[in-house]
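K.L.:
The file below is data_5.pdb, PDB, C-alpha atoms:
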```
ATOM      1  CA  GLN M 255       0.000   0.000   0.000
ATOM      2  CA  GLY M 256       1.073   3.534  -0.698
ATOM      3  CA  GLN M 257       3.451   2.435  -3.471
ATOM      4  CA  PRO M 258       3.175   4.217  -6.848
ATOM      5  CA  LEU M 259       1.618   2.104  -9.571
ATOM      6  CA  GLY M 260       3.100   3.982 -12.496
ATOM      7  CA  ALA M 261      -0.398   4.821 -13.711
ATOM      8  CA  ALA M 262      -2.625   7.850 -13.922
ATOM      9  CA  PRO M 263      -3.669   9.217 -10.498
ATOM     10  CA  PHE M 264      -7.353   8.777 -11.326
ATOM     11  CA  TYR M 265      -9.655   6.780 -13.553
ATOM     12  CA  ASP M 266     -12.633   8.162 -15.425
ATOM     13  CA  GLY M 267     -15.743   6.356 -16.554
ATOM     14  CA  SER M 268     -18.191   8.959 -17.767
ATOM     15  CA  PRO M 269     -21.872   8.280 -18.491
ATOM     16  CA  GLY M 270     -22.535   7.194 -22.037
ATOM     17  CA  HIS M 271     -25.113   8.315 -24.545
ATOM     18  CA  GLN M 272     -27.523   6.036 -26.339
ATOM     19  CA  GLY M 273     -30.186   6.989 -28.849
ATOM     20  CA  SER M 274     -32.401   5.303 -31.392
ATOM     21  CA  ASN M 275     -34.844   6.434 -34.051
ATOM     22  CA  ALA M 276     -37.384   4.430 -36.018
ATOM     23  CA  TYR M 277     -39.150   5.406 -39.233
ATOM     24  CA  SER M 278     -41.819   3.608 -41.233
ATOM     25  CA  ALA M 279     -44.167   4.208 -44.126
ATOM     26  CA  LYS M 280     -46.980   2.052 -45.479
ATOM     27  CA  VAL M 281     -48.984   2.252 -48.702
ATOM     28  CA  ASP M 282     -52.085   0.201 -49.587
ATOM     29  CA  TYR M 283     -53.631   0.299 -53.038
ATOM     30  CA  THR M 284     -56.578  -1.592 -54.486
ATOM     31  CA  PHE M 285     -57.067  -2.223 -58.181
ATOM     32  CA  GLY M 286     -60.763  -2.865 -58.588
ATOM     33  CA  THR M 287     -62.069  -5.853 -56.661
ATOM     34  CA  ARG M 288     -59.440  -8.408 -57.643
ATOM     35  CA  LEU M 289     -55.999  -7.021 -56.745
ATOM     36  CA  VAL M 290     -54.648  -5.503 -53.516
ATOM     37  CA  LEU M 291     -51.045  -4.257 -53.209
ATOM     38  CA  THR M 292     -49.318  -3.356 -49.942
ATOM     39  CA  GLY M 293     -45.899  -1.815 -49.437
ATOM     40  CA  ARG M 294     -44.070  -1.054 -46.189
ATOM     41  CA  TRP M 295     -40.696   0.563 -45.456
ATOM     42  CA  ASN M 296     -39.003   0.466 -42.027
ATOM     43  CA  GLN M 297     -35.720   1.857 -40.824
ATOM     44  CA  GLY M 298     -34.203   1.772 -37.359
ATOM     45  CA  LEU M 299     -31.088   3.747 -36.421
ATOM     46  CA  SER M 300     -29.169   3.289 -33.182
ATOM     47  CA  ASP M 301     -26.112   5.065 -31.837
ATOM     48  CA  ARG M 302     -24.251   4.513 -28.566
ATOM     49  CA  THR M 303     -21.150   6.333 -27.313
ATOM     50  CA  ASN M 304     -19.211   6.239 -24.069
ATOM     51  CA  ASP M 305     -16.022   7.951 -22.894
ATOM     52  CA  ILE M 306     -13.164   6.371 -20.980
ATOM     53  CA  LEU M 307     -10.625   9.063 -20.165
ATOM     54  CA  ALA M 308      -9.969  10.710 -23.539
ATOM     55  CA  GLN M 309     -11.109   7.765 -25.638
ATOM     56  CA  ARG M 310     -14.588   7.740 -27.140
ATOM     57  CA  ASN M 311     -16.121   4.425 -28.231
ATOM     58  CA  ARG M 312     -18.980   4.389 -30.693
ATOM     59  CA  ASN M 313     -21.369   1.631 -31.776
ATOM     60  CA  ALA M 314     -23.811   2.384 -34.585
ATOM     61  CA  GLY M 315     -26.497   0.234 -36.169
ATOM     62  CA  ASP M 316     -28.753   0.644 -39.189
ATOM     63  CA  THR M 317     -31.603  -1.769 -39.956
ATOM     64  CA  ARG M 318     -33.781  -1.385 -43.062
ATOM     65  CA  THR M 319     -36.618  -3.498 -44.422
ATOM     66  CA  LEU M 320     -38.828  -3.155 -47.481
ATOM     67  CA  THR M 321     -41.814  -5.438 -48.042
ATOM     68  CA  VAL M 322     -44.178  -5.490 -51.022
ATOM     69  CA  ASN M 323     -46.963  -8.039 -51.261
ATOM     70  CA  GLY M 324     -49.954  -8.603 -53.488
ATOM     71  CA  ARG M 325     -53.155 -10.572 -53.295
ATOM     72  CA  SER M 326     -55.388 -11.212 -56.287
ATOM     73  CA  ALA M 327     -58.539 -13.255 -56.783
ATOM     74  CA  VAL M 328     -58.133 -14.865 -60.191
ATOM     75  CA  GLY M 329     -61.503 -16.566 -59.977
ATOM     76  CA  ALA M 330     -64.117 -17.686 -57.506
ATOM     77  CA  ARG M 331     -61.872 -20.515 -56.294
ATOM     78  CA  LEU M 332     -58.355 -19.437 -57.294
ATOM     79  CA  LEU M 333     -56.310 -17.056 -55.140
ATOM     80  CA  HIS M 334     -52.819 -15.778 -56.000
ATOM     81  CA  GLU M 335     -50.562 -14.281 -53.296
ATOM     82  CA  TRP M 336     -46.952 -13.125 -53.473
ATOM     83  CA  ALA M 337     -44.489 -11.142 -51.353
ATOM     84  CA  VAL M 338     -41.013  -9.663 -51.806
ATOM     85  CA  ASN M 339     -38.963  -8.733 -48.762
ATOM     86  CA  TYR M 340     -35.620  -6.918 -48.633
ATOM     87  CA  SER M 341     -33.691  -6.384 -45.396
ATOM     88  CA  ARG M 342     -30.307  -4.905 -44.583
ATOM     89  CA  ASN M 343     -28.567  -4.825 -41.202
ATOM     90  CA  ALA M 344     -25.338  -2.886 -40.695
ATOM     91  CA  ALA M 345     -23.075  -2.416 -37.680
ATOM     92  CA  ASP M 346     -20.116  -0.041 -37.379
ATOM     93  CA  ASN M 347     -17.909   0.107 -34.278
ATOM     94  CA  GLY M 348     -14.826   2.203 -33.629
ATOM     95  CA  SER M 349     -12.889   4.458 -31.268
ATOM     96  CA  THR M 350     -11.431   7.971 -31.463
ATOM     97  CA  MET M 351      -9.533  10.361 -29.235
ATOM     98  CA  THR M 352     -11.193  13.525 -27.920
ATOM     99  CA  ASP M 353      -9.976  16.734 -26.299
ATOM    100  CA  ARG M 354     -11.337  15.816 -22.862
ATOM    101  CA  PHE M 355      -9.078  16.895 -19.980
ATOM    102  CA  ASP M 356      -7.531  19.487 -22.339
ATOM    103  CA  ILE M 357      -5.340  17.017 -24.196
ATOM    104  CA  ALA M 358      -4.331  17.355 -27.840
ATOM    105  CA  PRO M 359      -6.112  14.470 -29.590
ATOM    106  CA  ILE M 360      -4.364  12.431 -32.248
ATOM    107  CA  THR M 361      -5.834  10.249 -34.949
ATOM    108  CA  GLY M 362      -5.072   6.655 -35.716
ATOM    109  CA  ARG M 363      -3.677   7.649 -39.105
ATOM    110  CA  ALA M 364      -0.894   9.594 -37.373
ATOM    111  CA  LEU M 365       0.326   6.339 -35.825
ATOM    112  CA  LEU M 366      -0.054   4.140 -38.890
ATOM    113  CA  PRO M 367       2.164   3.775 -41.970
ATOM    114  CA  ALA M 368       1.065   5.393 -45.201
ATOM    115  CA  VAL M 369       0.447   1.984 -46.783
ATOM    116  CA  ALA M 370      -2.206   1.067 -44.203
ATOM    117  CA  PRO M 371      -5.723   0.850 -45.725
ATOM    118  CA  ALA M 372      -8.606   3.063 -44.692
ATOM    119  CA  SER M 373      -9.962   0.260 -42.482
ATOM    120  CA  ALA M 374      -6.977   0.250 -40.128
ATOM    121  CA  SER M 375      -6.670   0.612 -36.375
ATOM    122  CA  VAL M 376      -3.958   0.988 -33.765
ATOM    123  CA  THR M 377      -3.972  -0.010 -30.096
ATOM    124  CA  ILE M 378      -1.544   1.479 -27.562
ATOM    125  CA  SER M 379      -0.981  -0.523 -24.382
ATOM    126  CA  LEU M 380       0.397   1.619 -21.556
ATOM    127  CA  PRO M 381       2.048   0.523 -18.290
ATOM    128  CA  GLY M 382       0.079   0.362 -15.071
ATOM    129  CA  PHE M 383      -3.599  -0.152 -14.446
ATOM    130  CA  VAL M 384      -4.862   2.004 -17.284
ATOM    131  CA  GLN M 385      -7.052   1.525 -20.316
ATOM    132  CA  ASP M 386      -5.501   0.467 -23.592
ATOM    133  CA  TYR M 387      -6.140   3.164 -26.159
ATOM    134  CA  ALA M 388      -7.645   1.948 -29.429
ATOM    135  CA  LEU M 389      -8.006   4.259 -32.409
ATOM    136  CA  GLY M 390      -9.871   3.513 -35.623
ATOM    137  CA  PRO M 391     -12.636   1.158 -36.736
ATOM    138  CA  SER M 392     -12.989  -2.273 -35.176
ATOM    139  CA  VAL M 393     -15.691  -3.916 -37.308
ATOM    140  CA  ALA M 394     -18.072  -3.007 -40.119
ATOM    141  CA  SER M 395     -20.375  -5.917 -40.920
ATOM    142  CA  ARG M 396     -23.427  -6.170 -43.153
ATOM    143  CA  GLN M 397     -26.266  -8.634 -43.649
ATOM    144  CA  VAL M 398     -28.452  -8.365 -46.761
ATOM    145  CA  GLN M 399     -31.395 -10.671 -47.374
ATOM    146  CA  VAL M 400     -33.882 -10.914 -50.231
ATOM    147  CA  ASN M 401     -36.897 -13.193 -49.952
ATOM    148  CA  LEU M 402     -39.519 -14.011 -52.590
ATOM    149  CA  VAL M 403     -42.645 -16.000 -51.774
ATOM    150  CA  ASP M 404     -45.223 -16.868 -54.442
ATOM    151  CA  HIS M 405     -48.131 -19.280 -54.188
ATOM    152  CA  VAL M 406     -51.614 -20.016 -55.481
ATOM    153  CA  SER M 407     -54.535 -21.577 -53.642
ATOM    154  CA  TRP M 408     -57.393 -23.618 -55.127
ATOM    155  CA  ASN M 409     -60.412 -23.983 -52.871
ATOM    156  CA  THR M 410     -63.397 -26.277 -53.295
ATOM    157  CA  ALA M 411     -66.275 -27.133 -51.044
ATOM    158  CA  ARG M 412     -64.297 -29.895 -49.312
ATOM    159  CA  HIS M 413     -60.663 -29.414 -50.193
ATOM    160  CA  SER M 414     -58.010 -26.710 -50.398
ATOM    161  CA  LEU M 415     -54.850 -27.094 -52.489
ATOM    162  CA  ARG M 416     -51.872 -24.771 -52.199
ATOM    163  CA  PHE M 417     -48.789 -24.606 -54.433
ATOM    164  CA  GLY M 418     -45.916 -22.189 -54.138
ATOM    165  CA  VAL M 419     -42.221 -21.402 -54.061
ATOM    166  CA  ASP M 420     -39.970 -19.707 -51.502
ATOM    167  CA  VAL M 421     -36.663 -18.212 -52.687
ATOM    168  CA  ARG M 422     -34.284 -16.723 -50.137
ATOM    169  CA  ARG M 423     -30.867 -15.163 -50.782
ATOM    170  CA  LEU M 424     -28.493 -14.234 -47.939
ATOM    171  CA  ALA M 425     -25.406 -12.093 -48.487
ATOM    172  CA  PRO M 426     -23.598 -11.522 -45.169
ATOM    173  CA  VAL M 427     -20.408  -9.473 -45.112
ATOM    174  CA  TYR M 428     -17.951  -9.767 -42.223
ATOM    175  CA  GLY M 429     -15.817  -6.638 -42.239
ATOM    176  CA  PRO M 430     -13.079  -6.749 -39.584
ATOM    177  CA  THR M 431     -10.237  -4.265 -39.379
ATOM    178  CA  GLU M 432      -8.023  -4.960 -42.373
ATOM    179  CA  TYR M 433      -4.828  -3.769 -40.681
ATOM    180  CA  ARG M 434      -4.189  -3.816 -36.924
ATOM    181  CA  SER M 435      -1.173  -2.484 -35.068
ATOM    182  CA  VAL M 436      -0.666  -3.084 -31.320
ATOM    183  CA  VAL M 437       2.106  -1.119 -29.581
ATOM    184  CA  THR M 438       3.031  -2.093 -26.014
ATOM    185  CA  PHE M 439       5.008  -0.026 -23.510
ATOM    186  CA  ASN M 440       5.924  -2.038 -20.403
ATOM    187  CA  SER M 441       7.413   0.828 -18.383
ATOM    188  CA  ILE M 442       7.246   4.581 -17.978
ATOM    189  CA  ASP M 443      10.850   4.876 -19.211
ATOM    190  CA  SER M 444       9.943   3.123 -22.452
ATOM    191  CA  LEU M 445       7.009   5.469 -22.923
ATOM    192  CA  LEU M 446       9.025   8.636 -22.202
ATOM    193  CA  ASN M 447      11.837   7.498 -24.502
ATOM    194  CA  ASN M 448       9.345   6.576 -27.249
ATOM    195  CA  ARG M 449      10.715   3.033 -27.326
ATOM    196  CA  ALA M 450       8.086   0.323 -27.669
ATOM    197  CA  ASP M 451       8.758  -2.991 -25.938
ATOM    198  CA  GLN M 452       6.555  -4.931 -28.299
ATOM    199  CA  LEU M 453       4.924  -4.333 -31.677
ATOM    200  CA  ALA M 454       2.399  -6.670 -33.255
ATOM    201  CA  ILE M 455       0.869  -6.230 -36.697
ATOM    202  CA  GLY M 456      -2.023  -8.271 -38.016
ATOM    203  CA  SER M 457      -4.323  -8.204 -41.009
ATOM    204  CA  SER M 458      -7.712  -9.652 -41.926
ATOM    205  CA  ASP M 459      -9.603  -9.945 -45.168
ATOM    206  CA  GLN M 460     -13.216  -9.015 -45.634
ATOM    207  CA  VAL M 461     -15.380 -12.096 -46.041
ATOM    208  CA  GLN M 462     -18.550 -12.065 -48.124
ATOM    209  CA  LEU M 463     -20.833 -15.067 -48.529
ATOM    210  CA  ALA M 464     -23.796 -15.767 -50.759
ATOM    211  CA  VAL M 465     -26.385 -18.359 -49.756
ATOM    212  CA  LEU M 466     -29.371 -19.277 -51.930
ATOM    213  CA  ALA M 467     -32.201 -21.377 -50.513
ATOM    214  CA  LEU M 468     -35.175 -22.741 -52.483
ATOM    215  CA  SER M 469     -38.262 -24.482 -51.184
TER
END
```
Kindly transcribe the structure held in the file into structure tokens.
P.N.:
Amino acid sequence: QGQPLGAAPFYDGSPGHQGSNAYSAKVDYTFGTRLVLTGRWNQGLSDRTNDILAQRNRNAGDTRTLTVNGRSAVGARLLHEWAVNYSRNAADNGSTMTDRFDIAPITGRALLPAVAPASASVTISLPGFVQDYALGPSVASRQVQVNLVDHVSWNTARHSLRFGVDVRRLAPVYGPTEYRSVVTFNSIDSLLNNRADQLAIGSSDQVQLAVLALS
């Protein structure tokens, strides 16, 4: 007890901010007595930030859906129904430096080589019981889905027959940081002399899949 830890004399965990907004629009239209069309658009936006010392972490989400469906009575016993649905989910996470506590903020690009891609991040590990500072994006993933459903129904006094098809296409995209640099300082002397004790560099490729399902 009472021994210096080689860390900052205080630790800050400020309250975060979280907000969300939702928007939607719906249109119904009838063509005579045999055809009804319905369309609906939804979008949900979310944003969450929190500060730890001078570092600001941000998590953002964007969800969008578009649905169009139709229903038509071809005859007294024949009914045709179809629907098309499009959805897109996106998530973007990252960290930046701010001017809290009157510091001069720096950007991740200032600590990265010129050849580093736009999706690059750097993490600085300091000595003592302090937060590692991470600058730049951490992940940017997407999920896109298109779904088509089409079927007809034949109804009689005793029986009902239904035939149809369901086509679904998924296109997820996993977007990690393409270039990552981790700089570690194990002592105050190393930090003051600008001499890193360890440097690790890693890279990841963006992965995109395409899945088609029929039924």
K.L.:
Convert the output of the PyMOL selection byres ((chain M and resi 376) around 7) on the shown file into explicit residues, formatted as an NGL selection string.
P.N.:
:M and (362 or 375 or 377-378 or 388-390 or 434-436)
K.L.:
Under the PyMOL selection byres ((chain M and resi 349) around 9), which residues of this model are included? Write them out as a VMD selection string.
P.N.:
chain M and resid 309 to 313 347 to 348 350 to 351 375 387 to 392
K.L.:
For C-alpha atoms, I'd like the residues from the last selection saved as an mmCIF file, in the coordinates of the input.
P.N.:
```cif
data_model
loop_
_atom_site.group_PDB
_atom_site.id
_atom_site.type_symbol
_atom_site.label_atom_id
_atom_site.label_comp_id
_atom_site.auth_asym_id
_atom_site.auth_seq_id
_atom_site.Cartn_x
_atom_site.Cartn_y
_atom_site.Cartn_z
ATOM 1 C CA GLN M 309 -11.109 7.765 -25.638
ATOM 2 C CA ARG M 310 -14.588 7.740 -27.140
ATOM 3 C CA ASN M 311 -16.121 4.425 -28.231
ATOM 4 C CA ARG M 312 -18.980 4.389 -30.693
ATOM 5 C CA ASN M 313 -21.369 1.631 -31.776
ATOM 6 C CA ASN M 347 -17.909 0.107 -34.278
ATOM 7 C CA GLY M 348 -14.826 2.203 -33.629
ATOM 8 C CA THR M 350 -11.431 7.971 -31.463
ATOM 9 C CA MET M 351 -9.533 10.361 -29.235
ATOM 10 C CA SER M 375 -6.670 0.612 -36.375
ATOM 11 C CA TYR M 387 -6.140 3.164 -26.159
ATOM 12 C CA ALA M 388 -7.645 1.948 -29.429
ATOM 13 C CA LEU M 389 -8.006 4.259 -32.409
ATOM 14 C CA GLY M 390 -9.871 3.513 -35.623
ATOM 15 C CA PRO M 391 -12.636 1.158 -36.736
ATOM 16 C CA SER M 392 -12.989 -2.273 -35.176
#
```
K.L.:
Tell me, as an MDAnalysis selection string, which residues lie within 6 Å of M:Thr352, counting all atoms listed in the file; anything in the same chain fewer than 2 positions away does not count.
P.N.:
chainID M and resid 308 354 359
K.L.:
Nearest residue to M:Asp305 out of M:Phe439, M:Phe355, M:Tyr428, M:Trp408, using all atoms listed in the file?
P.N.:
M:Phe355
K.L.:
Calculate how many Å separate atom CA of M:Leu291 from atom CA of M:Arg416, rounding to one decimal.
P.N.:
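These two atoms are separated by 20.6 Å.
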K.L.:
Find the residues around M:Asp301 up to 7 Å (all atoms listed in the file counted), leave out those fewer than 5 positions away in its own chain, and share them as a list of chain:residue names.
P.N.:
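The neighbour list is M:Gln272, M:Gly273, M:Ser274, M:Asn313, M:Ala314, M:Gly315.
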K.L.:
Give me a file of those residues, with C-alpha atoms, as a tab-separated table (two decimals), in the coordinates of the input.
P.N.:
```tsv
chain	number	residue	atom	x	y	z
M	272	GLN	CA	-27.52	6.04	-26.34
M	273	GLY	CA	-30.19	6.99	-28.85
M	274	SER	CA	-32.40	5.30	-31.39
M	313	ASN	CA	-21.37	1.63	-31.78
M	314	ALA	CA	-23.81	2.38	-34.58
M	315	GLY	CA	-26.50	0.23	-36.17
```
K.L.:
Starting from the displayed file, determine the output of the PyMOL selection byres ((chain M and resi 297) around 12) and express the residue list as an MDAnalysis selection string.
P.N.:
chainID M and resid 274:279 294:296 298:300 315:321 340:344
K.L.:
Which residue out of M:Ser407, M:Asn440, M:Ser457, M:Gln399 has the minimum interatomic distance to M:Pro381 when only C-alpha atoms are used?
P.N.:
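Selected residue with least distance to M:Pro381: M:Asn440.
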K.L.:
Measure the distance from atom CA of M:Thr303 to atom CA of M:Pro269 in Å and round it to one decimal.
P.N.:
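Atom-to-atom, atom CA of M:Thr303 to atom CA of M:Pro269, that is 9.1 Å.
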K.L.:
Might you pull out every residue within 6 Å of stretch 459-469 of chain M, with all atoms listed in the file counted and same-chain residues fewer than 2 positions away left off, and present them as a list in words?
P.N.:
Val419, Asp420, Val421, Arg422, Arg423, Leu424, Ala425, Pro426, Val427, Tyr428, Gly429 and Glu432 of chain M
K.L.:
To one decimal in Å, tell me the separation between atom CA of M:Ser458 and atom CA of M:Arg302.
P.N.:
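Atom CA of M:Arg302 lies 25.5 Å from atom CA of M:Ser458.
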K.L.:
For stretch 312-328 of chain M, where the input has fewer atoms than it should, I would like N, CA, C and O atoms rebuilt and written as an mmCIF file, in the coordinates of the input.
P.N.:
```cif
data_model
loop_
_atom_site.group_PDB
_atom_site.id
_atom_site.type_symbol
_atom_site.label_atom_id
_atom_site.label_comp_id
_atom_site.auth_asym_id
_atom_site.auth_seq_id
_atom_site.Cartn_x
_atom_site.Cartn_y
_atom_site.Cartn_z
ATOM 1 N N ARG M 312 -17.698 4.194 -30.015
ATOM 2 C CA ARG M 312 -18.980 4.389 -30.693
ATOM 3 C C ARG M 312 -19.444 3.095 -31.334
ATOM 4 O O ARG M 312 -18.658 2.403 -31.977
ATOM 5 N N ASN M 313 -20.719 2.784 -31.147
ATOM 6 C CA ASN M 313 -21.369 1.631 -31.776
ATOM 7 C C ASN M 313 -22.617 2.131 -32.486
ATOM 8 O O ASN M 313 -23.502 2.707 -31.851
ATOM 9 N N ALA M 314 -22.686 1.904 -33.783
ATOM 10 C CA ALA M 314 -23.811 2.384 -34.585
ATOM 11 C C ALA M 314 -24.445 1.227 -35.335
ATOM 12 O O ALA M 314 -23.752 0.310 -35.798
ATOM 13 N N GLY M 315 -25.766 1.269 -35.447
ATOM 14 C CA GLY M 315 -26.497 0.234 -36.169
ATOM 15 C C GLY M 315 -27.534 0.842 -37.089
ATOM 16 O O GLY M 315 -28.081 1.913 -36.818
ATOM 17 N N ASP M 316 -27.783 0.174 -38.194
ATOM 18 C CA ASP M 316 -28.753 0.644 -39.189
ATOM 19 C C ASP M 316 -29.481 -0.581 -39.739
ATOM 20 O O ASP M 316 -28.872 -1.434 -40.378
ATOM 21 N N THR M 317 -30.780 -0.656 -39.494
ATOM 22 C CA THR M 317 -31.603 -1.769 -39.956
ATOM 23 C C THR M 317 -32.690 -1.237 -40.877
ATOM 24 O O THR M 317 -33.432 -0.325 -40.501
ATOM 25 N N ARG M 318 -32.797 -1.821 -42.081
ATOM 26 C CA ARG M 318 -33.781 -1.385 -43.062
ATOM 27 C C ARG M 318 -34.521 -2.595 -43.631
ATOM 28 O O ARG M 318 -33.896 -3.622 -43.906
ATOM 29 N N THR M 319 -35.816 -2.440 -43.810
ATOM 30 C CA THR M 319 -36.618 -3.498 -44.422
ATOM 31 C C THR M 319 -37.616 -2.876 -45.391
ATOM 32 O O THR M 319 -38.157 -1.793 -45.141
ATOM 33 N N LEU M 320 -37.840 -3.564 -46.484
ATOM 34 C CA LEU M 320 -38.828 -3.155 -47.481
ATOM 35 C C LEU M 320 -39.630 -4.397 -47.869
ATOM 36 O O LEU M 320 -39.054 -5.403 -48.273
ATOM 37 N N THR M 321 -40.941 -4.311 -47.736
ATOM 38 C CA THR M 321 -41.814 -5.438 -48.042
ATOM 39 C C THR M 321 -42.918 -4.980 -48.987
ATOM 40 O O THR M 321 -43.573 -3.966 -48.737
ATOM 41 N N VAL M 322 -43.100 -5.735 -50.068
ATOM 42 C CA VAL M 322 -44.178 -5.490 -51.022
ATOM 43 C C VAL M 322 -44.903 -6.814 -51.227
ATOM 44 O O VAL M 322 -44.275 -7.839 -51.523
ATOM 45 N N ASN M 323 -46.205 -6.819 -51.038
ATOM 46 C CA ASN M 323 -46.963 -8.039 -51.261
ATOM 47 C C ASN M 323 -48.249 -7.732 -52.008
ATOM 48 O O ASN M 323 -48.755 -6.597 -51.968
ATOM 49 N N GLY M 324 -48.732 -8.743 -52.708
ATOM 50 C CA GLY M 324 -49.954 -8.603 -53.488
ATOM 51 C C GLY M 324 -50.872 -9.797 -53.286
ATOM 52 O O GLY M 324 -50.422 -10.909 -52.984
ATOM 53 N N ARG M 325 -52.139 -9.534 -53.458
ATOM 54 C CA ARG M 325 -53.155 -10.572 -53.295
ATOM 55 C C ARG M 325 -54.215 -10.353 -54.368
ATOM 56 O O ARG M 325 -54.810 -9.268 -54.453
ATOM 57 N N SER M 326 -54.428 -11.361 -55.191
ATOM 58 C CA SER M 326 -55.388 -11.212 -56.287
ATOM 59 C C SER M 326 -56.291 -12.436 -56.355
ATOM 60 O O SER M 326 -55.834 -13.580 -56.193
ATOM 61 N N ALA M 327 -57.551 -12.195 -56.592
ATOM 62 C CA ALA M 327 -58.539 -13.255 -56.783
ATOM 63 C C ALA M 327 -58.699 -13.480 -58.282
ATOM 64 O O ALA M 327 -59.331 -12.690 -58.989
ATOM 65 N N VAL M 328 -58.081 -14.568 -58.760
ATOM 66 C CA VAL M 328 -58.133 -14.865 -60.191
ATOM 67 C C VAL M 328 -59.520 -15.344 -60.592
ATOM 68 O O VAL M 328 -60.018 -15.065 -61.683
#
```
